[in-house]
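Asker: Pasting entry_13.txt below, which is compact mmCIF, C-alpha atoms.
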```
# COMPACT_ATOMS: atom_id res chain seq x y z
CA VAL Z 1449 -75.06 -130.76 -15.89
CA ARG Z 1450 -71.91 -128.92 -16.95
CA GLU Z 1451 -71.31 -125.18 -16.98
CA GLY Z 1452 -71.58 -123.81 -20.52
CA GLU Z 1453 -73.60 -126.71 -21.91
CA GLN Z 1454 -77.13 -126.56 -23.21
CA PRO Z 1455 -79.23 -128.93 -21.17
CA ASP Z 1456 -81.82 -131.00 -23.04
CA ALA Z 1457 -83.28 -132.86 -20.08
CA CYS Z 1458 -84.26 -132.37 -16.45
CA GLY Z 1459 -83.07 -134.92 -13.93
CA VAL Z 1460 -84.91 -135.90 -10.77
CA LEU Z 1461 -82.91 -137.68 -8.08
CA VAL Z 1462 -84.44 -141.08 -7.32
CA SER Z 1463 -81.69 -142.20 -4.95
CA GLY Z 1464 -78.32 -140.87 -3.83
CA PHE Z 1465 -77.21 -137.30 -3.27
CA ALA Z 1466 -76.08 -134.54 -5.61
CA TYR Z 1467 -74.58 -131.07 -5.31
CA ARG Z 1468 -74.23 -127.81 -7.24
CA GLN Z 1469 -70.84 -126.20 -7.45
CA LYS Z 1470 -68.89 -123.36 -8.96
CA LEU Z 1471 -65.13 -123.02 -9.30
CA THR Z 1472 -63.12 -119.81 -9.03
CA SER Z 1473 -60.52 -119.13 -11.73
CA ASP Z 1474 -57.77 -120.41 -9.42
CA GLY Z 1475 -59.58 -123.68 -8.79
CA ALA Z 1476 -61.25 -123.13 -5.41
CA ARG Z 1477 -64.60 -124.86 -5.25
CA GLN Z 1478 -67.75 -123.60 -3.56
CA ILE Z 1479 -70.59 -126.07 -3.13
CA LEU Z 1480 -73.79 -124.06 -3.58
CA ALA Z 1481 -76.50 -126.57 -2.77
CA LEU Z 1482 -77.08 -130.16 -1.77
CA HIS Z 1483 -79.83 -132.32 -3.23
CA ILE Z 1484 -81.50 -135.28 -1.60
CA PRO Z 1485 -83.55 -138.10 -3.16
CA GLY Z 1486 -86.86 -136.93 -4.61
CA GLU Z 1487 -85.57 -133.52 -5.61
CA PRO Z 1488 -85.38 -132.24 -9.19
CA LEU Z 1489 -81.85 -131.20 -10.17
CA ASP Z 1490 -82.42 -128.89 -13.04
CA PHE Z 1491 -85.60 -126.85 -13.04
CA GLN Z 1492 -83.07 -123.99 -13.16
CA ASN Z 1493 -82.45 -124.82 -16.80
CA LEU Z 1494 -86.02 -125.60 -17.79
CA PHE Z 1495 -86.32 -122.12 -19.29
CA LEU Z 1496 -82.66 -120.99 -19.32
CA ASP Z 1497 -80.66 -122.21 -22.32
CA GLU Z 1498 -77.15 -122.43 -20.91
CA ALA Z 1499 -76.00 -124.04 -17.65
CA ASP Z 1500 -74.10 -121.49 -15.52
CA HIS Z 1501 -72.75 -123.97 -12.98
CA ASN Z 1502 -72.12 -127.69 -12.54
CA VAL Z 1503 -74.38 -130.28 -10.95
CA GLN Z 1504 -72.72 -133.53 -9.90
CA MET Z 1505 -73.52 -136.66 -7.96
CA LEU Z 1506 -72.14 -136.71 -4.42
CA THR Z 1507 -72.72 -140.44 -4.08
CA ARG Z 1508 -73.80 -143.25 -6.35
CA GLY Z 1509 -77.47 -143.02 -7.15
CA GLU Z 1510 -80.21 -143.11 -9.73
CA MET Z 1511 -81.73 -140.25 -11.66
CA ALA Z 1512 -84.96 -140.10 -13.64
CA VAL Z 1513 -84.50 -138.07 -16.81
CA ILE Z 1514 -87.33 -136.03 -18.32
CA PRO Z 1515 -86.85 -134.46 -21.77
CA ARG Z 1516 -86.73 -130.67 -21.35
CA GLU Z 1517 -89.15 -129.79 -24.14
CA GLU Z 1518 -91.81 -132.21 -22.92
CA LEU Z 1519 -91.53 -130.83 -19.39
CA GLN Z 1520 -91.85 -127.29 -20.78
CA THR Z 1521 -95.02 -128.30 -22.62
CA LEU Z 1522 -96.40 -129.96 -19.50
CA ALA Z 1523 -95.62 -126.88 -17.37
CA ARG Z 1524 -97.46 -124.65 -19.85
CA SER Z 1525 -100.49 -126.89 -20.38
CA ARG Z 1526 -101.11 -128.05 -16.81
CA SER Z 1527 -101.16 -125.09 -14.45
CA ALA Z 1528 -100.87 -127.24 -11.31
CA ILE Z 1529 -97.59 -128.68 -12.61
CA GLY Z 1530 -96.38 -125.22 -13.59
CA HIS Z 1531 -97.23 -124.05 -10.08
CA ALA Z 1532 -95.40 -126.96 -8.41
CA ILE Z 1533 -92.30 -126.28 -10.52
CA LEU Z 1534 -92.41 -122.60 -9.59
CA VAL Z 1535 -92.74 -123.41 -5.88
CA THR Z 1536 -89.74 -125.74 -6.10
CA ILE Z 1537 -87.63 -123.06 -7.78
CA LEU Z 1538 -88.70 -120.43 -5.21
CA VAL Z 1539 -87.80 -122.72 -2.32
CA GLU Z 1540 -84.40 -123.39 -3.91
CA ALA Z 1541 -83.88 -119.62 -4.11
CA SER Z 1542 -84.86 -119.29 -0.45
CA ILE Z 1543 -82.28 -121.92 0.49
CA PHE Z 1544 -79.62 -120.09 -1.53
CA ARG Z 1545 -80.44 -116.89 0.41
CA GLU Z 1546 -80.00 -118.75 3.69
CA TRP Z 1547 -76.67 -120.16 2.50
CA ILE Z 1548 -75.40 -116.66 1.69
CA VAL Z 1549 -76.17 -115.64 5.29
CA ASN Z 1550 -74.52 -118.84 6.49
CA VAL Z 1551 -71.25 -118.44 4.61
CA GLY Z 1552 -71.16 -114.65 4.90
CA ARG Z 1553 -72.19 -113.97 8.47
CA ARG Z 1554 -72.04 -117.05 10.70
CA ASP Z 1555 -68.95 -118.38 12.46
CA ALA Z 1556 -67.65 -121.89 11.76
CA ARG Z 1557 -69.56 -123.57 14.61
CA THR Z 1558 -72.89 -121.93 13.76
CA ARG Z 1559 -72.34 -122.51 10.05
CA LEU Z 1560 -71.75 -126.24 10.44
CA ALA Z 1561 -74.59 -126.68 12.93
CA HIS Z 1562 -76.91 -124.86 10.53
CA VAL Z 1563 -76.08 -127.10 7.57
CA LEU Z 1564 -76.50 -130.23 9.72
CA CYS Z 1565 -79.92 -128.96 10.86
CA GLU Z 1566 -81.03 -128.11 7.34
CA PHE Z 1567 -79.97 -131.46 5.99
CA GLY Z 1568 -81.77 -133.23 8.85
CA ALA Z 1569 -84.95 -131.20 8.40
CA ARG Z 1570 -85.05 -131.82 4.65
CA LEU Z 1571 -84.36 -135.54 4.98
CA GLU Z 1572 -87.02 -135.76 7.67
CA ALA Z 1573 -89.55 -133.99 5.43
CA GLN Z 1574 -88.85 -136.53 2.67
CA GLY Z 1575 -89.19 -139.36 5.16
CA LEU Z 1576 -85.51 -140.26 4.80
CA ALA Z 1577 -84.21 -139.53 8.30
CA GLU Z 1578 -84.55 -141.62 11.43
CA ASP Z 1579 -85.22 -139.46 14.48
CA TYR Z 1580 -82.97 -136.75 13.16
CA GLY Z 1581 -80.13 -139.08 12.55
CA TYR Z 1582 -78.69 -139.79 9.11
CA GLN Z 1583 -75.68 -140.85 7.11
CA LEU Z 1584 -73.69 -137.78 6.22
CA PRO Z 1585 -72.90 -138.37 2.54
CA MET Z 1586 -69.98 -135.96 2.52
CA THR Z 1587 -66.26 -136.07 3.21
CA GLN Z 1588 -64.70 -133.36 5.35
CA GLU Z 1589 -63.27 -131.92 2.16
CA GLN Z 1590 -66.73 -131.62 0.59
CA LEU Z 1591 -68.18 -130.25 3.81
CA ALA Z 1592 -65.37 -127.67 3.80
CA ASP Z 1593 -66.46 -126.58 0.30
CA VAL Z 1594 -70.06 -126.29 1.51
CA LEU Z 1595 -69.01 -124.13 4.46
CA GLY Z 1596 -66.21 -122.09 2.89
CA LEU Z 1597 -63.73 -123.60 5.38
CA THR Z 1598 -60.91 -126.17 5.11
CA PRO Z 1599 -60.96 -129.89 6.04
CA VAL Z 1600 -58.77 -129.18 9.11
CA HIS Z 1601 -61.17 -126.49 10.28
CA VAL Z 1602 -64.22 -128.70 9.61
CA ASN Z 1603 -62.73 -131.57 11.63
CA ARG Z 1604 -61.99 -129.22 14.52
CA THR Z 1605 -65.53 -127.82 14.39
CA ILE Z 1606 -67.19 -131.28 14.20
CA LYS Z 1607 -65.13 -132.42 17.20
CA SER Z 1608 -66.13 -129.38 19.17
CA LEU Z 1609 -69.87 -129.91 18.46
CA GLU Z 1610 -69.34 -133.52 19.50
CA ALA Z 1611 -67.59 -132.50 22.73
CA GLU Z 1612 -70.50 -130.18 23.50
CA GLY Z 1613 -72.90 -133.12 23.13
CA LEU Z 1614 -74.75 -131.51 20.22
CA ILE Z 1615 -73.95 -134.29 17.77
CA ALA Z 1616 -72.93 -137.93 18.10
CA ARG Z 1617 -71.10 -139.83 15.38
CA LYS Z 1618 -70.41 -143.41 14.47
CA GLY Z 1619 -68.47 -143.48 11.22
CA ARG Z 1620 -70.54 -141.50 8.72
CA ASN Z 1621 -73.66 -141.89 10.86
CA ILE Z 1622 -74.55 -138.74 12.64
CA SER Z 1623 -77.27 -138.28 15.24
CA PHE Z 1624 -78.51 -135.44 17.38
CA PRO Z 1625 -78.86 -136.09 21.11
CA ASN Z 1626 -80.23 -132.58 21.59
CA TRP Z 1627 -81.94 -131.41 18.41
CA HIS Z 1628 -83.32 -128.27 20.07
CA LYS Z 1629 -79.88 -127.13 21.28
CA LEU Z 1630 -78.31 -127.89 17.90
CA GLN Z 1631 -80.93 -125.68 16.22
CA GLU Z 1632 -80.04 -122.91 18.66
CA ALA Z 1633 -76.33 -123.39 18.03
CA GLY Z 1634 -76.98 -123.30 14.28
CA ASP Z 1635 -79.26 -120.25 14.38
CA PHE Z 1636 -81.67 -122.54 12.55
CA ASN Z 1637 -85.34 -121.88 11.90
CA ASN Z 1638 -86.97 -124.04 9.23
CA ARG Z 1639 -89.25 -121.25 7.96
CA TYR Z 1640 -87.11 -120.71 4.84
CA LEU Z 1641 -87.59 -124.36 3.80
CA HIS Z 1642 -91.36 -123.87 3.34
CA LEU Z 1643 -91.86 -127.53 4.14
CA ASN Z 1644 -95.67 -127.42 4.15
CA GLN Z 1645 -95.81 -125.69 0.82
CA GLN Z 1646 -93.38 -128.18 -0.67
CA ALA Z 1647 -95.51 -131.07 0.53
CA ALA Z 1648 -98.55 -129.45 -1.14
CA GLY Z 1649 -96.52 -129.13 -4.33
CA ARG Z 1650 -95.56 -132.78 -4.28
CA VAL Z 1651 -99.17 -134.01 -4.18
CA VAL Z 1652 -99.74 -132.72 -7.73
CA VAL M 845 -51.93 -140.72 -4.00
CA HIS M 846 -51.66 -141.23 -0.24
CA ALA M 847 -54.07 -140.83 2.65
CA LEU M 848 -52.80 -138.21 5.05
CA PHE M 849 -54.25 -137.40 8.45
CA PHE M 850 -54.23 -133.81 9.70
CA HIS M 851 -54.34 -133.88 13.49
CA LEU M 852 -54.53 -130.61 15.39
CA ARG M 853 -52.67 -130.06 18.67
CA GLU M 854 -54.17 -127.11 20.45
CA SER M 855 -54.28 -125.94 24.09
CA GLY M 856 -52.84 -129.23 25.34
CA SER M 857 -55.32 -131.49 23.57
CA LEU M 858 -55.23 -133.32 20.26
CA VAL M 859 -58.05 -133.18 17.71
CA LEU M 860 -57.69 -136.41 15.74
CA ASP M 861 -58.41 -136.60 12.03
CA GLU M 862 -59.88 -140.07 11.44
CA GLU M 863 -60.94 -139.43 7.87
CA GLY M 864 -57.82 -138.15 6.14
CA LEU M 865 -57.23 -136.51 2.78
CA ASP M 866 -55.88 -138.07 -0.39
CA LEU M 867 -52.91 -136.03 -1.57
CA VAL M 868 -50.28 -136.60 -4.24
CA ASP M 869 -47.05 -135.24 -2.74
CA LEU M 870 -45.39 -133.33 0.11
CA ASP M 871 -46.05 -129.97 -1.54
CA ALA M 872 -49.77 -130.72 -1.50
CA VAL M 873 -49.51 -131.82 2.15
CA ALA M 874 -47.75 -128.58 3.13
CA ALA M 875 -50.29 -126.50 1.18
CA ALA M 876 -53.24 -128.25 2.85
CA ALA M 877 -51.67 -127.82 6.31
CA ILE M 878 -50.99 -124.11 5.75
CA ALA M 879 -54.50 -123.53 4.39
CA GLY M 880 -55.94 -125.42 7.38
CA ALA M 881 -53.94 -123.40 9.91
CA ARG M 882 -54.87 -120.11 8.27
CA SER M 883 -58.53 -121.12 8.11
CA VAL M 884 -58.63 -121.90 11.85
CA ILE M 885 -56.76 -118.67 12.69
CA ALA M 886 -59.10 -116.67 10.45
CA GLY M 887 -62.15 -118.11 12.19
CA GLU M 888 -60.77 -117.56 15.69
CA VAL M 889 -59.48 -114.06 15.06
CA MET M 890 -63.06 -112.91 14.42
CA SER M 891 -63.78 -113.66 18.05
CA GLY M 892 -60.64 -111.86 19.11
CA ARG M 893 -58.29 -114.78 19.60
CA ILE M 894 -55.29 -116.09 17.63
CA PRO M 895 -54.35 -119.69 18.58
CA ILE M 896 -50.73 -119.13 17.53
CA SER M 897 -49.32 -122.04 19.61
CA ALA M 898 -51.38 -124.71 17.86
CA VAL M 899 -49.64 -127.25 15.62
CA ILE M 900 -50.94 -129.36 12.75
CA GLU M 901 -49.40 -132.83 12.90
CA VAL M 902 -49.69 -134.75 9.66
CA ASP M 903 -49.38 -138.55 9.73
CA ASP M 904 -49.45 -141.01 6.84
CA GLU M 905 -51.65 -144.12 6.81
CA HIS M 906 -49.03 -146.04 8.85
CA GLY M 907 -49.05 -143.41 11.57
CA ARG M 908 -45.66 -142.05 10.56
CA ARG M 909 -45.20 -138.32 11.03
CA VAL M 910 -44.94 -136.55 7.69
CA LEU M 911 -45.08 -132.92 8.76
CA ASP M 912 -45.35 -130.71 11.83
CA LEU M 913 -46.76 -127.32 11.01
CA PRO M 914 -46.76 -124.82 13.89
CA PHE M 915 -49.41 -122.16 13.27
CA ARG M 916 -46.74 -119.47 13.70
CA ASP M 917 -45.07 -120.83 10.53
CA ALA M 918 -48.31 -120.47 8.57
CA VAL M 919 -48.50 -116.72 8.97
CA GLN M 920 -46.14 -113.79 8.98
CA LEU M 921 -46.42 -111.54 12.04
CA ASP M 922 -45.61 -107.94 11.17
CA ASP M 923 -44.81 -105.93 14.31
```
Go ahead and render the structure in this file as structure tokens.

Answerer:
Amino acid sequence: VREGEQPDACGVLVSGFAYRQKLTSDGARQILALHIPGEPLDFQNLFLDEADHNVQMLTRGEMAVIPREELQTLARSRSAIGHAILVTILVEASIFREWIVNVGRRDARTRLAHVLCEFGARLEAQGLAEDYGYQLPMTQEQLADVLGLTPVHVNRTIKSLEAEGLIARKGRNISFPNWHKLQEAGDFNNRYLHLNQQAAGRVV
Amino acid sequence: VHALFFHLRESGSLVLDEEGLDLVDLDAVAAAAIAGARSVIAGEVMSGRIPISAVIEVDDEHGRRVLDLPFRDAVQLDD
């Protein structure tokens, strides 16, 4: 999805990871959201006619593409599907709210710990994590654009979480020797993810 | 395009950058180092501390030093 274009289809991530981003006029990038396999990428534009930001793949992956008009018809004719789409959009909005708090009010250590917790909790809910360990699909540069920091600052913050024993890394593999403490460090409470409600939505 | 590694020497210890950044020239290296230093200072200053003695040491993929950027060169101190 590209800013300014009129989307004619909705993608659902089958495998791989994607992200939403916006650029400032002088070229600084802010990553607004991360998407994991199983998540729809563009319910945002199901009823809005012009994309207001970009959605890109973070890694290689596969996407199922549903024509926009047919999905609109389905959402109108089958109320359970309309409901599930609405729940998904509301949860996305809730995550955006949490990210505003994260970037606006948390320090670098808390900010990074929070994003690592969220990613772990969402992967776990989709059955994609192994005991709260996962492959971090992002470079330090991309992580910096998620957190509103710089790669140097991200590296320093990762190393400090590692030194504290809150995370352990082997290449891109990251695991959490003390999940409870990491949640505390990240000021993380999964309430805003509405995981039960999302699971109910997925059954439809 | 070259892979550059931005290590951080701070309070007697070295934070190694194992991942690196792909950058096109020395200007881009200097810009990334300055932005990195300012970002760390900005974060620390909110807790009342300015790590002014830290240095960013940039190495290329062969481990050759490309740039030393003392934090004090990344900011102007107005007394």

Asker: Could the residues of chain Z within 10 Å of chain M, counting all atoms listed in the file, be given as a VMD selection string, please?

Answerer: chain Z and resid 1555 to 1557 1587 to 1589 1596 to 1608 1619 to 1620

Asker: Write to file, as an mmCIF file, in the frame of the given file, the residues of the selection just made, with C-alpha atoms.

Answerer:
```cif
data_model
loop_
_atom_site.group_PDB
_atom_site.id
_atom_site.type_symbol
_atom_site.label_atom_id
_atom_site.label_comp_id
_atom_site.auth_asym_id
_atom_site.auth_seq_id
_atom_site.Cartn_x
_atom_site.Cartn_y
_atom_site.Cartn_z
ATOM 1 C CA ASP Z 1555 -68.950 -118.380 12.460
ATOM 2 C CA ALA Z 1556 -67.650 -121.890 11.760
ATOM 3 C CA ARG Z 1557 -69.560 -123.570 14.610
ATOM 4 C CA THR Z 1587 -66.260 -136.070 3.210
ATOM 5 C CA GLN Z 1588 -64.700 -133.360 5.350
ATOM 6 C CA GLU Z 1589 -63.270 -131.920 2.160
ATOM 7 C CA GLY Z 1596 -66.210 -122.090 2.890
ATOM 8 C CA LEU Z 1597 -63.730 -123.600 5.380
ATOM 9 C CA THR Z 1598 -60.910 -126.170 5.110
ATOM 10 C CA PRO Z 1599 -60.960 -129.890 6.040
ATOM 11 C CA VAL Z 1600 -58.770 -129.180 9.110
ATOM 12 C CA HIS Z 1601 -61.170 -126.490 10.280
ATOM 13 C CA VAL Z 1602 -64.220 -128.700 9.610
ATOM 14 C CA ASN Z 1603 -62.730 -131.570 11.630
ATOM 15 C CA ARG Z 1604 -61.990 -129.220 14.520
ATOM 16 C CA THR Z 1605 -65.530 -127.820 14.390
ATOM 17 C CA ILE Z 1606 -67.190 -131.280 14.200
ATOM 18 C CA LYS Z 1607 -65.130 -132.420 17.200
ATOM 19 C CA SER Z 1608 -66.130 -129.380 19.170
ATOM 20 C CA GLY Z 1619 -68.470 -143.480 11.220
ATOM 21 C CA ARG Z 1620 -70.540 -141.500 8.720
#
```

Asker: Please return as an MDAnalysis selection string every residue within 12 Å of (-93.2, -123.1, -6.6), taking into account all atoms listed in the file and the file's own coordinates.

Answerer: chainID Z and resid 1491 1523 1527:1542 1641:1650 1652

Asker: Contacts of Arg1570 in chain Z at 9 Å or less, counting all atoms listed in the file, minus same-chain residues fewer than 4 places along, as a VMD selection string?

Answerer: chain Z and resid 1484 1565 to 1566 1574 to 1577 1641 1643

Asker: Of the candidates Z:Arg1639, Z:Leu1494, Z:Ile1548, Z:Met1586, which shows the shortest atom-to-atom distance to Asn1621 in chain Z, using only C-alpha atoms?

Answerer: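 Answer, going by the shortest atom-to-atom distance: Z:Met1586.
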
Asker: Need the shell around range 1610-1614 of chain Z: protein/DNA/RNA residues with any atom at most 8 Å away, counting only C-alpha atoms. Skip same-chain ones fewer than 4 positions apart. Format as a list in words?

Answerer: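 The contact residues come out as Ile1606, Phe1624, Pro1625, Asn1626, Trp1627, Lys1629 and Leu1630 of chain Z.
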
Asker: Around the point (-74.3, -135.0, -4.6), in the coordinates given by the file, pick out the residues reaching within 6 Å, counting all atoms listed in the file, and return them as an MDAnalysis selection string.

Answerer: chainID Z and resid 1465:1467 1504:1507

Asker: Have a look at M:Ala875, M:Ala918, M:Val910, M:Val845 and name the one nearest to Ala898 in chain M; count all atoms listed in the file.

Answerer: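 Comparing M:Ala875, M:Ala918, M:Val910, M:Val845 against Ala898 in chain M, the winner is M:Ala918.
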